[in-house]
Amino acid sequence: MIALEKRVCAENYAPLPVVLHSGAGVWLTDIHGKRYLDMMSAYSATSFGHSHPRLVAALTAQAQTLAVTSRAYYTDRLGPFLQRLCEMTGMARALPMNTGAEAVETALKAARKWGYEVKGVAPERAQIIVCAGNFAGRTTTIVGFSSEAQYRQGFGPFAPGFVSVPFGDAAAL
């Protein structure tokens, strides 16, 4: 399975040499029946564990009613979900994302728009400060402000408007 995946999958990670087959709660099982404690949840995308009966039931029920829809439509689920989320966080509005990179891209857009419309930054002059050594995803914008050559090589030109400072260096900030 590892050889097959290496042959047909575009390389973007160096996975651990384990071929997973199933998961239940915090436990994963490989194709040989060996169990592993899943210590990788929240790495890359959020994980709620594996095969939790209530989550599987909710997912199945929703998928049998209405699967993923475009935001070109309203649904009977998004509004109540966002209302509860706003109540829990104390925020006036929320915008759910399904990937970390999508969330970072949305945050960049929101910061620039706020800078232009609220703070009065001159058009096309916004700068966003990023920390060296960051990893926030694999979009061209995000890899453009990475300090890691391996993430940048072969993907330019990159979007302007990012200033990199050393992580934890208040004076540089």
# chains A, B, ... in the order shown; residues from 1 in each chain; ligands from 1
call {"tool": "residues_around", "arguments": {"residues": "region 26-30 of chain A", "least_positions_apart": "5", "cutoff": "10 Å", "atoms": "only C-alpha atoms", "output": "tab-separated table (two decimals) with all heavy atoms, in the first residue's frame"}}
result
chain	number	residue	atom	x	y	z
A	18	VAL	N	3.14	3.55	8.31
A	18	VAL	CA	2.04	2.79	8.89
A	18	VAL	C	0.86	2.90	7.92
A	18	VAL	O	0.56	3.99	7.44
A	18	VAL	CB	1.63	3.38	10.27
A	18	VAL	CG1	0.40	2.70	10.82
A	18	VAL	CG2	2.79	3.31	11.25
A	19	VAL	N	0.20	1.79	7.63
A	19	VAL	CA	-0.97	1.80	6.75
A	19	VAL	C	-2.20	1.58	7.63
A	19	VAL	O	-2.47	0.47	8.11
A	19	VAL	CB	-0.87	0.72	5.66
A	19	VAL	CG1	-2.11	0.76	4.78
A	19	VAL	CG2	0.40	0.90	4.84
A	20	LEU	N	-2.95	2.65	7.84
A	20	LEU	CA	-4.12	2.59	8.70
A	20	LEU	C	-5.30	1.96	7.96
A	20	LEU	O	-5.48	2.14	6.76
A	20	LEU	CB	-4.50	3.99	9.18
A	20	LEU	CG	-3.43	4.71	10.00
A	20	LEU	CD1	-3.89	6.12	10.33
A	20	LEU	CD2	-3.10	3.93	11.26
A	21	HIS	N	-6.12	1.26	8.74
A	21	HIS	CA	-7.31	0.62	8.18
A	21	HIS	C	-8.59	1.13	8.84
A	21	HIS	O	-9.59	1.33	8.17
A	21	HIS	CB	-7.23	-0.90	8.34
A	21	HIS	CG	-8.49	-1.60	8.00
A	21	HIS	ND1	-8.97	-1.69	6.71
A	21	HIS	CD2	-9.40	-2.24	8.78
A	21	HIS	CE1	-10.11	-2.34	6.71
A	21	HIS	NE2	-10.40	-2.68	7.95
A	35	ARG	N	-2.63	-1.75	17.02
A	35	ARG	CA	-3.33	-0.54	17.45
A	35	ARG	C	-2.35	0.57	17.80
A	35	ARG	O	-1.27	0.32	18.33
A	35	ARG	CB	-4.20	-0.83	18.68
A	35	ARG	CG	-5.46	-1.56	18.33
A	35	ARG	CD	-6.36	-1.85	19.51
A	35	ARG	NE	-6.09	-1.10	20.71
A	35	ARG	CZ	-7.03	-0.66	21.54
A	35	ARG	NH1	-8.29	-0.89	21.29
A	35	ARG	NH2	-6.71	-0.02	22.63
A	36	TYR	N	-2.79	1.81	17.53
A	36	TYR	CA	-1.99	3.00	17.83
A	36	TYR	C	-2.89	4.03	18.51
A	36	TYR	O	-4.05	4.21	18.11
A	36	TYR	CB	-1.45	3.64	16.55
A	36	TYR	CG	-0.59	2.74	15.72
A	36	TYR	CD1	-1.15	1.86	14.80
A	36	TYR	CD2	0.80	2.77	15.84
A	36	TYR	CE1	-0.36	1.03	14.02
A	36	TYR	CE2	1.59	1.95	15.06
A	36	TYR	CZ	1.01	1.08	14.16
A	36	TYR	OH	1.80	0.27	13.39
A	37	LEU	N	-2.36	4.72	19.49
A	37	LEU	CA	-3.06	5.85	20.09
A	37	LEU	C	-2.89	7.03	19.13
A	37	LEU	O	-1.76	7.42	18.81
A	37	LEU	CB	-2.47	6.19	21.47
A	37	LEU	CG	-3.06	7.39	22.19
A	37	LEU	CD1	-4.55	7.21	22.46
A	37	LEU	CD2	-2.30	7.63	23.49
A	38	ASP	N	-3.98	7.60	18.65
A	38	ASP	CA	-3.91	8.69	17.67
A	38	ASP	C	-3.54	9.99	18.38
A	38	ASP	O	-4.36	10.63	19.01
A	38	ASP	CB	-5.25	8.85	16.95
A	38	ASP	CG	-5.20	9.89	15.86
A	38	ASP	OD1	-4.14	10.50	15.63
A	38	ASP	OD2	-6.24	10.11	15.21
A	39	MET	N	-2.28	10.36	18.25
A	39	MET	CA	-1.79	11.60	18.85
A	39	MET	C	-1.69	12.72	17.81
A	39	MET	O	-1.05	13.73	18.03
A	39	MET	CB	-0.42	11.35	19.49
A	39	MET	CG	-0.43	10.28	20.57
A	39	MET	SD	-1.33	10.75	22.04
A	39	MET	CE	-0.16	11.84	22.79
A	40	MET	N	-2.29	12.52	16.65
A	40	MET	CA	-2.18	13.48	15.56
A	40	MET	C	-3.45	14.30	15.36
A	40	MET	O	-3.52	15.10	14.44
A	40	MET	CB	-1.84	12.76	14.26
A	40	MET	CG	-0.50	12.05	14.29
A	40	MET	SD	0.89	13.17	14.42
A	40	MET	CE	1.04	13.68	12.73
A	41	SER	N	-4.48	14.12	16.16
A	41	SER	CA	-5.68	14.90	15.96
A	41	SER	C	-5.36	16.38	16.09
A	41	SER	O	-4.49	16.78	16.85
A	41	SER	CB	-6.77	14.50	16.94
A	41	SER	OG	-6.35	14.71	18.25
A	47	SER	N	-9.69	16.96	14.11
A	47	SER	CA	-10.18	15.60	14.23
A	47	SER	C	-11.02	15.50	15.49
A	47	SER	O	-10.67	16.02	16.53
A	47	SER	CB	-9.01	14.62	14.31
A	47	SER	OG	-9.50	13.32	14.57
A	48	PHE	N	-12.12	14.81	15.38
A	48	PHE	CA	-13.00	14.60	16.53
A	48	PHE	C	-12.90	13.17	17.03
A	48	PHE	O	-13.79	12.67	17.68
A	48	PHE	CB	-14.46	14.89	16.15
A	48	PHE	CG	-14.67	16.32	15.74
A	48	PHE	CD1	-14.81	16.66	14.41
A	48	PHE	CD2	-14.71	17.33	16.69
A	48	PHE	CE1	-15.00	17.98	14.04
A	48	PHE	CE2	-14.90	18.65	16.33
A	48	PHE	CZ	-15.04	18.98	14.99
A	49	GLY	N	-11.80	12.51	16.69
A	49	GLY	CA	-11.68	11.10	17.01
A	49	GLY	C	-12.21	10.30	15.83
A	49	GLY	O	-12.47	10.84	14.75
A	50	HIS	N	-12.39	9.03	16.04
A	50	HIS	CA	-12.77	8.15	14.94
A	50	HIS	C	-14.02	7.36	15.29
A	50	HIS	O	-14.10	6.74	16.35
A	50	HIS	CB	-11.62	7.20	14.61
A	50	HIS	CG	-10.34	7.93	14.32
A	50	HIS	ND1	-10.07	8.47	13.09
A	50	HIS	CD2	-9.30	8.25	15.12
A	50	HIS	CE1	-8.89	9.08	13.13
A	50	HIS	NE2	-8.40	8.96	14.36
A	51	SER	N	-14.99	7.39	14.41
A	51	SER	CA	-16.18	6.53	14.45
A	51	SER	C	-17.02	6.70	15.71
A	51	SER	O	-17.67	5.75	16.15
A	51	SER	CB	-15.78	5.05	14.30
A	51	SER	OG	-15.03	4.87	13.13
A	52	HIS	N	-17.05	7.89	16.28
A	52	HIS	CA	-17.90	8.09	17.45
A	52	HIS	C	-19.35	7.90	17.02
A	52	HIS	O	-19.81	8.51	16.05
A	52	HIS	CB	-17.71	9.49	18.04
A	52	HIS	CG	-18.38	9.67	19.37
A	52	HIS	ND1	-19.74	9.80	19.50
A	52	HIS	CD2	-17.87	9.70	20.61
A	52	HIS	CE1	-20.04	9.93	20.77
A	52	HIS	NE2	-18.92	9.87	21.47
call {"tool": "select_by_dssp", "arguments": {"residues": "chain A", "states": "helix (DSSP H, G or I)", "output": "PyMOL selection string"}}
result
chain A and resi 2-8+53-65+78-89+100-117+140-144+149-152
call {"tool": "select_by_dssp", "arguments": {"residues": "region 1-150 of chain A", "states": "strand (DSSP E or B)", "output": "number ranges by chain"}}
result
A: 20-25, 27-30, 35-37, 50, 128-131
call {"tool": "residues_around", "arguments": {"residues": "region 14-17 of chain A", "least_positions_apart": "3", "cutoff": "12 Å", "atoms": "only C-alpha atoms", "output": "list in words"}}
result
Met1, Ile2, Ala3, Glu5, Lys6, Cys9, Ala10, Glu11, Leu20, Asp30, Ile31 and Met40 of chain A
call {"tool": "write_last_selection", "arguments": {"atoms": "N, CA, C and O atoms", "output": "PDB file, in the first residue's frame"}}
result
ATOM      1  N   MET A   1       0.829  -1.199   0.000  1.00  0.00           N
ATOM      2  CA  MET A   1       0.000   0.000   0.000  1.00  0.00           C
ATOM      3  C   MET A   1       0.872   1.261   0.000  1.00  0.00           C
ATOM      4  O   MET A   1       0.540   2.231  -0.648  1.00  0.00           O
ATOM      5  N   ILE A   2       1.963   1.214   0.739  1.00  0.00           N
ATOM      6  CA  ILE A   2       2.860   2.365   0.790  1.00  0.00           C
ATOM      7  C   ILE A   2       3.475   2.602  -0.587  1.00  0.00           C
ATOM      8  O   ILE A   2       3.500   3.739  -1.082  1.00  0.00           O
ATOM      9  N   ALA A   3       3.942   1.543  -1.241  1.00  0.00           N
ATOM     10  CA  ALA A   3       4.553   1.674  -2.573  1.00  0.00           C
ATOM     11  C   ALA A   3       3.540   2.209  -3.577  1.00  0.00           C
ATOM     12  O   ALA A   3       3.866   3.070  -4.403  1.00  0.00           O
ATOM     13  N   GLU A   5       0.866   4.091  -2.977  1.00  0.00           N
ATOM     14  CA  GLU A   5       0.602   5.502  -2.708  1.00  0.00           C
ATOM     15  C   GLU A   5       1.767   6.379  -3.147  1.00  0.00           C
ATOM     16  O   GLU A   5       1.562   7.443  -3.736  1.00  0.00           O
ATOM     17  N   LYS A   6       2.981   5.918  -2.900  1.00  0.00           N
ATOM     18  CA  LYS A   6       4.151   6.695  -3.336  1.00  0.00           C
ATOM     19  C   LYS A   6       4.191   6.835  -4.855  1.00  0.00           C
ATOM     20  O   LYS A   6       4.633   7.851  -5.386  1.00  0.00           O
ATOM     21  N   CYS A   9       0.571   9.141  -5.796  1.00  0.00           N
ATOM     22  CA  CYS A   9       0.180  10.337  -5.052  1.00  0.00           C
ATOM     23  C   CYS A   9       1.250  11.423  -5.183  1.00  0.00           C
ATOM     24  O   CYS A   9       2.437  11.156  -4.992  1.00  0.00           O
ATOM     25  N   ALA A  10       0.806  12.631  -5.523  1.00  0.00           N
ATOM     26  CA  ALA A  10       1.737  13.756  -5.555  1.00  0.00           C
ATOM     27  C   ALA A  10       2.293  13.954  -4.149  1.00  0.00           C
ATOM     28  O   ALA A  10       1.556  13.940  -3.165  1.00  0.00           O
ATOM     29  N   GLU A  11       3.596  14.135  -4.046  1.00  0.00           N
ATOM     30  CA  GLU A  11       4.247  14.198  -2.742  1.00  0.00           C
ATOM     31  C   GLU A  11       4.084  15.573  -2.098  1.00  0.00           C
ATOM     32  O   GLU A  11       4.437  16.587  -2.692  1.00  0.00           O
ATOM     33  N   LEU A  20      -2.946   2.651   7.841  1.00  0.00           N
ATOM     34  CA  LEU A  20      -4.123   2.586   8.700  1.00  0.00           C
ATOM     35  C   LEU A  20      -5.305   1.964   7.963  1.00  0.00           C
ATOM     36  O   LEU A  20      -5.477   2.143   6.764  1.00  0.00           O
ATOM     37  N   ASP A  30      -3.917  -0.604  12.194  1.00  0.00           N
ATOM     38  CA  ASP A  30      -3.310  -0.722  10.867  1.00  0.00           C
ATOM     39  C   ASP A  30      -3.789  -1.998  10.177  1.00  0.00           C
ATOM     40  O   ASP A  30      -4.582  -2.771  10.735  1.00  0.00           O
ATOM     41  N   ILE A  31      -3.306  -2.225   8.960  1.00  0.00           N
ATOM     42  CA  ILE A  31      -3.768  -3.366   8.175  1.00  0.00           C
ATOM     43  C   ILE A  31      -3.311  -4.709   8.748  1.00  0.00           C
ATOM     44  O   ILE A  31      -3.818  -5.753   8.346  1.00  0.00           O
ATOM     45  N   MET A  40      -2.295  12.518  16.647  1.00  0.00           N
ATOM     46  CA  MET A  40      -2.182  13.480  15.559  1.00  0.00           C
ATOM     47  C   MET A  40      -3.455  14.298  15.360  1.00  0.00           C
ATOM     48  O   MET A  40      -3.520  15.097  14.443  1.00  0.00           O
TER      49      MET A  40
END
call {"tool": "residues_around", "arguments": {"residues": "Leu66 (chain A)", "least_positions_apart": "6", "cutoff": "12 Å", "atoms": "only C-alpha atoms", "output": "PyMOL selection string"}}
result
chain A and resi 58-60+75-77
call {"tool": "closest_atom_pairs", "arguments": {"of": "region 54-121 of chain A", "to": "region 129-142 of chain A", "cutoff": "8 Å", "atoms": "only C-alpha atoms", "output": "Markdown table"}}
result
| residue | atom | partner | partner_atom | distance |
| --- | --- | --- | --- | --- |
| A:Gly100 | CA | A:Gly137 | CA | 6.6 |
| A:Ala101 | CA | A:Gly137 | CA | 4.7 |
| A:Val104 | CA | A:Ala136 | CA | 6.9 |
| A:Glu105 | CA | A:Ile142 | CA | 7.6 |
call {"tool": "write_last_selection", "arguments": {"atoms": "N, CA and C atoms", "output": "PDB file, in the first residue's frame"}}
result
ATOM      1  N   GLY A 100      -7.420  24.596   7.113  1.00  0.00           N
ATOM      2  CA  GLY A 100      -6.603  25.620   7.753  1.00  0.00           C
ATOM      3  C   GLY A 100      -6.166  26.686   6.772  1.00  0.00           C
ATOM      4  N   ALA A 101      -5.767  26.270   5.567  1.00  0.00           N
ATOM      5  CA  ALA A 101      -5.320  27.242   4.567  1.00  0.00           C
ATOM      6  C   ALA A 101      -6.449  28.187   4.178  1.00  0.00           C
ATOM      7  N   VAL A 104      -6.751  30.732   6.912  1.00  0.00           N
ATOM      8  CA  VAL A 104      -5.674  31.726   6.859  1.00  0.00           C
ATOM      9  C   VAL A 104      -5.922  32.714   5.722  1.00  0.00           C
ATOM     10  N   GLU A 105      -6.282  32.208   4.543  1.00  0.00           N
ATOM     11  CA  GLU A 105      -6.561  33.095   3.405  1.00  0.00           C
ATOM     12  C   GLU A 105      -7.695  34.063   3.740  1.00  0.00           C
TER      13      GLU A 105
END
call {"tool": "closest_residue", "arguments": {"among": "A:Gly33, A:Gly161, A:Gly156, A:Gly144", "to": "Arg125 (chain A)", "atoms": "only C-alpha atoms"}}
result
A:Gly161
call {"tool": "residues_around", "arguments": {"residues": "region 82-84 of chain A", "least_positions_apart": "2", "cutoff": "8 Å", "atoms": "only C-alpha atoms", "output": "list in words"}}
result
Leu78, Gly79, Pro80, Cys86, Glu87, Met88, Arg93, Ala94 and Leu95 of chain A
call {"tool": "write_last_selection", "arguments": {"atoms": "C-alpha atoms", "output": "mmCIF file, in the first residue's frame"}}
result
data_model
loop_
_atom_site.group_PDB
_atom_site.id
_atom_site.type_symbol
_atom_site.label_atom_id
_atom_site.label_comp_id
_atom_site.auth_asym_id
_atom_site.auth_seq_id
_atom_site.Cartn_x
_atom_site.Cartn_y
_atom_site.Cartn_z
ATOM 1 C CA LEU A 78 -25.921 27.141 8.871
ATOM 2 C CA GLY A 79 -27.769 30.028 10.540
ATOM 3 C CA PRO A 80 -28.520 28.187 13.795
ATOM 4 C CA CYS A 86 -21.307 33.454 18.029
ATOM 5 C CA GLU A 87 -22.994 33.028 21.407
ATOM 6 C CA MET A 88 -20.171 30.734 22.565
ATOM 7 C CA ARG A 93 -20.290 37.009 13.145
ATOM 8 C CA ALA A 94 -18.482 33.846 12.089
ATOM 9 C CA LEU A 95 -17.453 32.254 8.826
#
call {"tool": "atom_distance", "arguments": {"atom1": "CA of Val143 (chain A)", "atom2": "CA of Phe162 (chain A)"}}
result
11.3 Å
call {"tool": "atom_distance", "arguments": {"atom1": "CA of Gln62 (chain A)", "atom2": "CA of Tyr74 (chain A)"}}
result
15.4 Å
call {"tool": "residues_around", "arguments": {"residues": "Leu173 (chain A)", "least_positions_apart": "2", "cutoff": "10 Å", "atoms": "only C-alpha atoms", "output": "ChimeraX atom specification"}}
result
/A:129-131,163-171
